[in-house]
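Peer 1: Take a look at the following structure, please.
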Amino acid sequence: MVPFSNASAAPSVYDLIEEIAGRLVSDLGLDPKKAGVRTCQRALAYALRARLTLDRIRRKRFEKDHPGRIAYILCPELLPGPLLGQILDALDLSGTAAEALKHYGVSLEQALAAEPDPSLGAGGVGRLMADLLEASASLGLPVYAYGLRYEYGGFRQAIEDGEQVESPDGWLHYGNPWEHVRRDVSYLVRFYGGEDGEKNGWRGTAKVAAEPCDMLLPGRRGGREIKLRLWSARPSRRFNIDPSGDYIRSMQDTVRVESISKVLFPEDAASQNRPLRLLQEHFFVSASLQDILRRFEKSGQPAKKLAEAAMVHLHETRGALAVAEMMRLLVDERGVGWSEAKDVCRRLFAYTCHTLAPESHLRWPVDLLEEVLPRHLSIIYQLNHDHLEAARNERTLSDTEIARLSMIEETPVKRVRMAHLAFAVSGKTTGVSSSQVEALRQGPFRELDQRYPGRLTTTANGVSHRVWLLQSNPDLAEIITNSIGPAWIKDPARLAELIPLAHEPNFQSAWRSARRRAKLRLCAELETSLGIHSDPNRLFDVHVQPVQAGKRQLLNILHVLWVYETIKSNPSYRPAPRLKIFAGKAAPSAWLDKLVIRLIHLAARTINADPRANQLLQVAFLPDYRVSLAKRIVPAADLFQQIALAGTEGSGTGNMKFTMNGALVLGTPDGANLAIRDELGADGTFLFGLTGQEAAALRSSGYDAAAFAESDERIRLVLEALRSNRFGNGQPNRLQPLIDALTREGDPTLVWPDFGPYLEAQCRVEKLWTQQDRWLAASIQAVGHAARFSADRLAQELAAKTWSVSSRNLSS
Ligand code: GLC
C-alpha cells in the first residue's frame, strides 16, 4: 500500500506491482498468483483510487487555510466512459501501469477493455457534463459535482435478427472500484405530507435517506481533482418488523424507496412512472443542496451568505426544482426572510438550457406537485406571484405576454413550466449555441428575455480534446505532437499551428497514414463483430446518435436506398466506394424508431450481400452505442452526419468530437454545425436543407407530405423501393408504418423537403473526396480549429462569466 507520508511521489513499476498485490489480497481476497484480467483491473483501480485520495487529502489540508469560491455542478446525467485510461493518463502512469500489469500476465489493453462504461445517463447532456468536468479538473478549477448513482442509468442494446432487444445494463455487477460509499454522511429528503397553515412549513412528510458515494475525477497533472458525489436512496430507517411475520410486505417499502435512484426514468416514461421521476428529481436536488449548505455552514457563517462563497449550476429543467428547494431550506429551515432568500438564489444559481423545442422543457402537472411536494408548489406560486406582479407594475407587457411569462401554464391540465422557474429565479441563464439562444429568444423565452434583459447569454458547448483526441486517437495525436510539440495537450489553441501545414504533401501523407491505421482497427472490429469485410480506402460515413425521429437516421438510410437502387438500375453510376456506419439506441418504447433500426439492418443485409453493389456501398450497424464504442468509431470517420431537423438541435457535440479528429461534417443548418461552418468555411463542411425558421414556415403554410413526395422522382424511387418488399425480408407490410409516417401521417420531421438538398450535399462530399489533397487539407484544418470546440474553452468561459471562480492548485 502507498505510505501516507509518501503520497505525492510517483510510484515505480515495483511499487505498483506491490500495490496491486496488496489490493488483490485486502480488497478482493485473492491470491495474487491467481489474478485474472478483471481482478487485476480492479486491483489497479483500487491502488489508483488510494493515490487520488491521498492527493485530495493534501489539497483539503491546504485549502482549509485558503478558502475560495466553489462552483457546484448538478449533473442530471453523467457519461464519463470507462475511467481507467483517463485516470492513468491524468496521473502520467500509463507506462508504469502497463509494466506492472505484465507482471500478472495482463496487458494494459486487456485491463482497459475489462472496465464497463458507467451507465449514468442516456444522452448528450451526460457526455457534455463528463467533458466539462475533465476540462475543469485539468484547468485546476474549484468545482464539485453531484449526480445520482443510477444502478441502471441506461440499457444494453443487442440486435437479434435485425431488431433492437434491450436488457438491463448492470454496470455495478462487480462493484465500482473508483467509489467510496460514505455511510457517515447522509441527509433526509422529504416528500408528500401537507403544508402547515400556521407558519411556513411542511408536516407529515415521508422521509428517504440520501447516501453519498464519492468518486475523484483527476485533471491532468497540475490540475485539481474533482469530487463527484453520487446519491443513492435508502430507507430512512430499517424496515418495520411485521408482527404477523409478513416480511415480504415489510420489505416492500425498502424496495420502493431504493427504486428512486435505481433507474433513470426516461422522459417518455409511461404515466405510472412519472411520480417516481419527480421523486427522483427532488431527491437529487434536495440531497445536493443540503450537502452544499452543510459544507458552507461548517465555516461558521450564516446560510444567507452562501452565494458569496459558492454558486450552483443547474443543467436542464431537471435541476429546476433546486430553486424552490433552496427557498424552502433558507426560509422554512433557517428563518431567512423571503426577499433575502430570493436574493441569495439569484446570486447563487445559474441555469443552462440544453434543448430548444418548448415541448422538451419539463412541465410538471400542478396536481402531481401538490401531492408529492406541496410546500414547493406554494413556494413556486409565491415566486410566480412576485415575478408577474413586478412585470404587471411595469405595464409594458400585454395580458397574453404575461401569460407566456408565467411559471404556470394555464392549460386544462395546469402545469409548472420548470424552465421559467429556473430562468426567473437564477441570476444567469445560458444556452449552448448561438442559434439555439436566438431561437429561444424568439420563442419560449421571449418574454423572459424582455423582462430580464441580459440574463440570457450563450456559452457554446465544447468537448475534451484530451479525451477525444489524445486518448482515443493515439495515432493522430502522435503525428500532431511530432509536428507541433506537446503544448496542445494543455492548450488546445496551439492546434492552430497545424493550419499552415495543411497543404504540405509530407504532412498530408503522415496524416493519411495515421487515419488509415484507425480505419484499419475499425475494419478489424467490423469483421469480428459483424462479419463485414471492408477496407480503409472507402469513405467512412458515420451517423452515431440516439436513434430518434428528430435525428433523422431515416433520411440517411433513405439515401442508402436511393444509391442502391441507382446502382442497380444504372450501370454507369459509380459513386465513390463508401462504408456507412450507424450506431445508436432507440428508446425501448419508441417502436417507430426501432423500425428505423430494423430498416437499416434490412438494407445492410441486401446490399452487403449484393456482389456488385457492395463494391460501392456497404452498411454496418454497430450495436450498443456507448462512450467506449464511440472512442473506437470517432478516429476512423471521414464524414460525420448530424442531420437533425433544423430548429430541434440545441447544439450537438458529436459534430465537435468528429471535427476534432479530422472528419468533415455533413449537417443541417443548426446548433454547432453552424459554428463549425463559420470556423472552417464551406470547403470543410457540408450544410444543407431547411433552416429552423424555414421548417416552421413550411409547416404553418400547410405542408402536404404525400403531394410533395409525389412531385419528386427521387422520392418516388425510394418510396417504391420501400413498398416493393425488396427490403421486407419476406414480411409484407413490415415497413408500412414508416411509409405511412412519411406520407399519410404528414412526414413530421420534414424528411422529404430536405431529401433533394441532402442528395446534392452528398454529391458535394463525393466531389471533394475524389480530390484527396483538398480533403486532407480540410481534415487537417478541422483539427487546427478545434480550440473553439474544446471543453477547456467552455470551462474557462463558464469560470469567468458564470461561476466567477478561478484556477487553484497547490502551488497557487
Ligand atoms: C442536449 C441537446 C444537444 C446538446 C446537448 C448538450 O442533448 O439536444 O443538442 O448538444 O444537450 O448540451
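Ordering of the C-alpha cells sets the chain letters (A, B, ...); residue numbers start at 1 within each chain; ligands are numbered from 1 in the order shown.
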Please identify all protein, DNA and RNA residues within 7 Å of ligand 1, counting only C-alpha atoms and all ligand atoms, and report them as a list in words.
Peer 2: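 Counting only what the definition allows, namely only C-alpha atoms and all ligand atoms, the set is Gly123, Gly124, Val125, Leu128, His354, Thr355, Val432, Asn461, Glu649, Gly650, Ser651, Gly652, Thr653 and Gly671 of chain A.
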Peer 1: When you look at His543 in chain A with a cut-off of 10 Å (counting only C-alpha atoms), what residues show up, excluding the ones that are within fewer than 6 positions of it in the same chain? I need them as an MDAnalysis selection string.
Peer 2: chainID A and resid 551:553 556 580:584 621 637 639:643 654 666
Peer 1: Produce a file of the selected residues containing all heavy atoms, as a short mmCIF file (atom, residue, chain, number, x, y, z; two decimals), in the first residue's frame.
Peer 2:
```
data_model
loop_
_atom_site.label_atom_id
_atom_site.label_comp_id
_atom_site.auth_asym_id
_atom_site.auth_seq_id
_atom_site.Cartn_x
_atom_site.Cartn_y
_atom_site.Cartn_z
N LYS A 551 -33.49 12.99 -35.10
CA LYS A 551 -32.08 12.92 -35.54
C LYS A 551 -31.99 12.41 -36.98
O LYS A 551 -30.93 12.38 -37.57
CB LYS A 551 -31.27 12.00 -34.62
CG LYS A 551 -31.35 12.32 -33.15
CD LYS A 551 -30.53 13.54 -32.78
CE LYS A 551 -30.63 13.79 -31.28
NZ LYS A 551 -30.21 15.11 -30.87
N ARG A 552 -33.07 11.96 -37.50
CA ARG A 552 -33.25 11.63 -38.91
C ARG A 552 -32.25 10.60 -39.48
O ARG A 552 -31.71 10.79 -40.56
CB ARG A 552 -33.27 12.91 -39.74
CG ARG A 552 -34.43 13.81 -39.31
CD ARG A 552 -34.89 14.70 -40.38
NE ARG A 552 -33.89 15.69 -40.72
CZ ARG A 552 -34.13 16.72 -41.52
NH1 ARG A 552 -35.32 16.90 -42.03
NH2 ARG A 552 -33.18 17.58 -41.79
N GLN A 553 -32.07 9.53 -38.75
CA GLN A 553 -31.36 8.39 -39.35
C GLN A 553 -32.14 7.93 -40.58
O GLN A 553 -31.56 7.38 -41.52
CB GLN A 553 -31.26 7.23 -38.35
CG GLN A 553 -30.21 7.40 -37.27
CD GLN A 553 -30.70 8.18 -36.08
OE1 GLN A 553 -31.84 8.63 -36.02
NE2 GLN A 553 -29.82 8.35 -35.10
N ASN A 556 -30.94 9.42 -43.75
CA ASN A 556 -29.68 8.80 -44.15
C ASN A 556 -29.93 7.43 -44.81
O ASN A 556 -29.41 7.14 -45.89
CB ASN A 556 -28.80 8.66 -42.89
CG ASN A 556 -27.38 8.23 -43.20
OD1 ASN A 556 -27.06 7.86 -44.32
ND2 ASN A 556 -26.52 8.28 -42.21
N LYS A 580 -21.10 2.92 -44.85
CA LYS A 580 -22.00 3.69 -43.98
C LYS A 580 -22.00 3.02 -42.62
O LYS A 580 -22.31 1.83 -42.52
CB LYS A 580 -23.42 3.64 -44.52
CG LYS A 580 -23.65 4.47 -45.73
CD LYS A 580 -24.36 5.75 -45.34
CE LYS A 580 -24.77 6.51 -46.58
NZ LYS A 580 -25.31 7.83 -46.24
N ILE A 581 -21.69 3.77 -41.59
CA ILE A 581 -21.66 3.19 -40.24
C ILE A 581 -22.73 3.86 -39.40
O ILE A 581 -22.75 5.09 -39.28
CB ILE A 581 -20.27 3.40 -39.60
CG1 ILE A 581 -19.20 2.70 -40.46
CG2 ILE A 581 -20.25 2.86 -38.17
CD1 ILE A 581 -17.79 3.06 -40.09
N PHE A 582 -23.58 3.06 -38.81
CA PHE A 582 -24.59 3.56 -37.89
C PHE A 582 -24.36 2.97 -36.51
O PHE A 582 -23.91 1.84 -36.39
CB PHE A 582 -26.00 3.12 -38.31
CG PHE A 582 -26.52 3.72 -39.58
CD1 PHE A 582 -26.28 3.11 -40.81
CD2 PHE A 582 -27.27 4.89 -39.55
CE1 PHE A 582 -26.77 3.65 -41.98
CE2 PHE A 582 -27.77 5.44 -40.72
CZ PHE A 582 -27.52 4.83 -41.94
N ALA A 583 -24.72 3.74 -35.48
CA ALA A 583 -24.82 3.18 -34.13
C ALA A 583 -25.74 4.09 -33.35
O ALA A 583 -25.82 5.30 -33.62
CB ALA A 583 -23.44 3.10 -33.46
N GLY A 584 -26.43 3.55 -32.39
CA GLY A 584 -27.33 4.36 -31.56
C GLY A 584 -28.47 3.50 -31.04
O GLY A 584 -28.79 2.46 -31.63
N PHE A 621 -24.13 -1.60 -38.85
CA PHE A 621 -24.74 -1.04 -37.63
C PHE A 621 -24.03 -1.68 -36.46
O PHE A 621 -24.09 -2.90 -36.26
CB PHE A 621 -26.25 -1.37 -37.59
CG PHE A 621 -26.95 -0.72 -36.42
CD1 PHE A 621 -27.70 0.43 -36.60
CD2 PHE A 621 -26.85 -1.26 -35.14
CE1 PHE A 621 -28.34 1.05 -35.52
CE2 PHE A 621 -27.49 -0.65 -34.05
CZ PHE A 621 -28.23 0.50 -34.24
N ALA A 637 -13.61 7.95 -38.66
CA ALA A 637 -14.61 8.56 -39.56
C ALA A 637 -13.97 9.54 -40.53
O ALA A 637 -13.10 10.33 -40.15
CB ALA A 637 -15.66 9.29 -38.72
N LEU A 639 -16.37 11.17 -42.59
CA LEU A 639 -17.51 12.08 -42.66
C LEU A 639 -18.40 11.80 -41.47
O LEU A 639 -18.59 10.64 -41.11
CB LEU A 639 -18.29 11.79 -43.96
CG LEU A 639 -19.49 12.68 -44.25
CD1 LEU A 639 -19.00 14.07 -44.68
CD2 LEU A 639 -20.34 12.08 -45.38
N PHE A 640 -18.94 12.86 -40.86
CA PHE A 640 -19.87 12.65 -39.75
C PHE A 640 -21.18 13.34 -40.09
O PHE A 640 -21.19 14.49 -40.54
CB PHE A 640 -19.30 13.22 -38.46
CG PHE A 640 -20.28 13.10 -37.31
CD1 PHE A 640 -20.66 11.84 -36.87
CD2 PHE A 640 -20.83 14.21 -36.71
CE1 PHE A 640 -21.59 11.70 -35.84
CE2 PHE A 640 -21.74 14.09 -35.67
CZ PHE A 640 -22.12 12.82 -35.24
N GLN A 641 -22.27 12.66 -39.85
CA GLN A 641 -23.57 13.24 -40.17
C GLN A 641 -24.29 13.69 -38.91
O GLN A 641 -24.49 12.89 -37.98
CB GLN A 641 -24.45 12.21 -40.86
CG GLN A 641 -23.84 11.71 -42.13
CD GLN A 641 -24.88 11.24 -43.12
OE1 GLN A 641 -26.00 11.73 -43.15
NE2 GLN A 641 -24.50 10.30 -43.95
N GLN A 642 -24.65 14.95 -38.86
CA GLN A 642 -25.52 15.45 -37.79
C GLN A 642 -26.66 16.17 -38.50
O GLN A 642 -26.55 17.34 -38.84
CB GLN A 642 -24.74 16.39 -36.88
CG GLN A 642 -25.60 16.93 -35.79
CD GLN A 642 -24.95 16.80 -34.42
OE1 GLN A 642 -24.06 16.00 -34.17
NE2 GLN A 642 -25.38 17.60 -33.52
N ILE A 643 -27.73 15.43 -38.75
CA ILE A 643 -28.74 15.91 -39.71
C ILE A 643 -30.12 16.01 -39.07
O ILE A 643 -31.13 15.68 -39.69
CB ILE A 643 -28.77 15.01 -40.96
CG1 ILE A 643 -29.00 13.53 -40.58
CG2 ILE A 643 -27.47 15.11 -41.73
CD1 ILE A 643 -29.18 12.61 -41.79
N GLY A 654 -21.43 15.64 -30.88
CA GLY A 654 -20.80 14.64 -31.74
C GLY A 654 -20.05 15.34 -32.86
O GLY A 654 -18.89 15.04 -33.16
N LEU A 666 -21.30 16.65 -42.31
CA LEU A 666 -22.45 16.81 -43.21
C LEU A 666 -23.64 17.06 -42.29
O LEU A 666 -23.99 16.20 -41.48
CB LEU A 666 -22.65 15.51 -44.00
CG LEU A 666 -23.95 15.36 -44.79
CD1 LEU A 666 -24.07 16.42 -45.87
CD2 LEU A 666 -24.01 13.98 -45.45
#
```
Peer 1: Name all residues at most 9 Å from range 66-70 of chain A (count only C-alpha atoms; drop same-chain ones fewer than 3 positions away) and give them as a ChimeraX atom specification.
Peer 2: /A:62-63,141-144,307-312,803-806,808
Peer 1: Give the helix (DSSP H, G or I) residues of range 34-270 of chain A, as DSSP finds them on the backbone, and put them as JSON, numbers by chain.
Peer 2: {"A": [34, 37, 38, 39, 40, 41, 42, 43, 44, 45, 46, 47, 48, 49, 50, 51, 52, 53, 54, 55, 56, 57, 58, 59, 60, 61, 62, 63, 64, 84, 85, 86, 87, 88, 89, 90, 91, 94, 95, 96, 97, 98, 99, 100, 101, 102, 108, 109, 110, 111, 112, 113, 114, 124, 125, 126, 127, 128, 129, 130, 131, 132, 133, 134, 135, 136, 137, 138, 247, 248, 249, 250, 251, 252, 253, 254, 255, 256, 257, 258, 259, 260, 261]}
Peer 1: Between A:Ala663, A:Leu735, A:Ile17, A:Ala122, single out the one closest to Lys594 in chain A, counting only C-alpha atoms.
Peer 2: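 Under the stated criterion, the closest residue is A:Leu735.
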Peer 1: Please, what distance in Å, to one decimal, runs between CA of Leu798 in chain A and CA of Leu289 in chain A?
Peer 2: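 Between CA of Leu798 in chain A and CA of Leu289 in chain A the gap works out to 20.5 Å.
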Peer 1: Determine the nearest neighbour of Ser259 in chain A from the options A:Asp246, A:Asp65, A:Glu151, A:Asp670, counting only C-alpha atoms.
Peer 2: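 That would be A:Glu151, the residue with the smallest distance to Ser259 in chain A.
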Peer 1: Would you return as a ChimeraX atom specification the members of range 423-666 of chain A that DSSP assigns to strand (DSSP E) on this structure's backbone?
Peer 2: /A:428-431,456-458,539-544,578-583,617-621,639-642,664-666
Peer 1: Keeping only C-alpha atoms, write those residues as a PDB file, in the first residue's frame.
Peer 2:
```pdb
ATOM      1  CA  LYS A 428     -27.964  33.771 -15.278  1.00  0.00           C
ATOM      2  CA  THR A 429     -29.346  31.548 -17.985  1.00  0.00           C
ATOM      3  CA  THR A 430     -27.117  30.221 -20.687  1.00  0.00           C
ATOM      4  CA  GLY A 431     -27.820  28.408 -23.916  1.00  0.00           C
ATOM      5  CA  LEU A 456     -29.801  35.034 -21.245  1.00  0.00           C
ATOM      6  CA  THR A 457     -26.422  34.508 -22.898  1.00  0.00           C
ATOM      7  CA  THR A 458     -24.641  31.894 -24.972  1.00  0.00           C
ATOM      8  CA  LEU A 539     -15.175   6.803 -47.427  1.00  0.00           C
ATOM      9  CA  PHE A 540     -16.254   6.030 -43.858  1.00  0.00           C
ATOM     10  CA  ASP A 541     -19.545   7.837 -43.480  1.00  0.00           C
ATOM     11  CA  VAL A 542     -20.700   7.779 -39.853  1.00  0.00           C
ATOM     12  CA  HIS A 543     -24.020   8.539 -38.180  1.00  0.00           C
ATOM     13  CA  VAL A 544     -23.924   7.786 -34.452  1.00  0.00           C
ATOM     14  CA  ARG A 578     -18.397   4.026 -49.112  1.00  0.00           C
ATOM     15  CA  LEU A 579     -18.972   2.340 -45.827  1.00  0.00           C
ATOM     16  CA  LYS A 580     -21.997   3.695 -43.976  1.00  0.00           C
ATOM     17  CA  ILE A 581     -21.659   3.186 -40.244  1.00  0.00           C
ATOM     18  CA  PHE A 582     -24.593   3.564 -37.895  1.00  0.00           C
ATOM     19  CA  ALA A 583     -24.816   3.181 -34.129  1.00  0.00           C
ATOM     20  CA  LEU A 617     -21.646   0.630 -50.816  1.00  0.00           C
ATOM     21  CA  GLN A 618     -21.661  -1.244 -47.516  1.00  0.00           C
ATOM     22  CA  VAL A 619     -23.813  -0.677 -44.456  1.00  0.00           C
ATOM     23  CA  ALA A 620     -22.845  -1.528 -40.881  1.00  0.00           C
ATOM     24  CA  PHE A 621     -24.742  -1.043 -37.635  1.00  0.00           C
ATOM     25  CA  LEU A 639     -17.510  12.084 -42.661  1.00  0.00           C
ATOM     26  CA  PHE A 640     -19.871  12.652 -39.755  1.00  0.00           C
ATOM     27  CA  GLN A 641     -23.573  13.243 -40.168  1.00  0.00           C
ATOM     28  CA  GLN A 642     -25.525  15.447 -37.793  1.00  0.00           C
ATOM     29  CA  LEU A 664     -15.790  16.619 -42.072  1.00  0.00           C
ATOM     30  CA  VAL A 665     -19.368  17.345 -41.086  1.00  0.00           C
ATOM     31  CA  LEU A 666     -22.453  16.812 -43.209  1.00  0.00           C
TER      32      LEU A 666
END
```
Peer 1: Out of A:Leu522, A:Ala45, A:Ser724, A:Ile480, which residue has the shortest atom-to-atom distance to Asp535 in chain A when counting only C-alpha atoms?
Peer 2: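 Ranked by minimum distance to Asp535 in chain A, first place goes to A:Leu522.
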Peer 1: If we count only C-alpha atoms, what is near range 564-569 of chain A at a cut-off of 9 Å, once residues fewer than 4 positions away on the same chain are taken out, given as a count of residues only?
Peer 2: 13
Peer 1: Do you know which residues are at most 12 Å from Arg716 in chain A counting only C-alpha atoms, after dropping those on the same chain fewer than 5 positions away, and could you put them as a list in words?
Peer 2: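 Within the cut-off, the hits are Leu558, Leu561, Trp562, Glu565, Ala706, Ala707, Phe708, Ala709, Glu710, Ser711, Ala721, Leu722, Arg723, Ser724, Ile739, Leu742, Thr743, Trp752, Phe755 and Gly756 of chain A.
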Peer 1: Just the number, please: distance in Å from CA of Glu447 in chain A to CA of Gln693 in chain A, one decimal.
Peer 2: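 About the pair CA of Glu447 in chain A and CA of Gln693 in chain A: they are 19.1 Å apart.
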